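The structure under discussion appears below in the form of structure tokens.
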Amino acid sequence: MPLYGFPSDPEVADIRDEYMFGPAFLVAPVVKQARLAQGLPARGCDWYDYWTNKRIKGGQTITLRTHRHLPLFVRAGSIVPLGSPVKSTQELQAIASVRVYPGADADFSLFQTTVHLLI
């Protein structure tokens with residue numbers, strides 16, 4: 001199965017160890033010991049390293065230092081809300097900040113509820 005999000009792209013057809021998490025995130029877990037090289041899909045879009053906010057040109061193979069964090073990339077043009085820490089899923093979570101990753105047009109809808117769900 002091709003990398004979700006790029007179904008008609010032959011360059012990513014054989015990628016089996018990366019996946020899109022929604023429209024914004026590319027998750028690239030390290031599945032082989034000591035792997036440092038990681039390919040990013042081209043698609044005419046750039047990416048940002050989630051942890052460093054460094055912009056990365058799409059369509060290249062980059063070298064990762066994977067000893068600290070899961071390799072996680074955000075598609076340029078994404079808008080990502082970050083919630084404040086909560087101790088339980090029963091607590092309402094406030095929006096602590098919103099990250100905007102420039103480089104492409106984007107739109108965004110935020111729905112917030114004040115209803116507690118009892119499960």
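Residue numbering restarts at 1 for every chain of the structure tokens, chains are lettered A, B, ... in their displayed order, and ligands are numbered from 1 as they appear.
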Pick out the residues sitting within 7 Å of Leu82 in chain A, and hand them over as an MDAnalysis selection string; count only C-alpha atoms, and ignore anything fewer than 5 positions along from it in its own chain. chainID A and resid 95:98
Could you pull the residues within 7 Å of Val100 in chain A, counting only C-alpha atoms, minus those fewer than 3 positions along the same chain, as a ChimeraX atom specification? /A:78-80
Residues near range 101-103 of chain A, cut-off 12 Å, only C-alpha atoms, skip fewer than 5 positions along chain, as a PyMOL selection string: chain A and resi 24-25+44-50+53-58+73-81
Pick from A:Pro71, A:Ser84, A:Trp51, A:Asp105, whichever lies nearest to Leu26 in chain A using only C-alpha atoms: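 Using only C-alpha atoms, the shortest distance to Leu26 in chain A belongs to A:Pro71.
Reported to one decimal place, the separation of CA of Glu18 in chain A from CA of Gly83 in chain A is 25.0 Å.
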Rank nothing, just name the residue among A:Ala106, A:Asp17, A:Thr52, A:Pro85 nearest to Pro29 in chain A, using only C-alpha atoms.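 That would be A:Asp17, the residue with the smallest distance to Pro29 in chain A.
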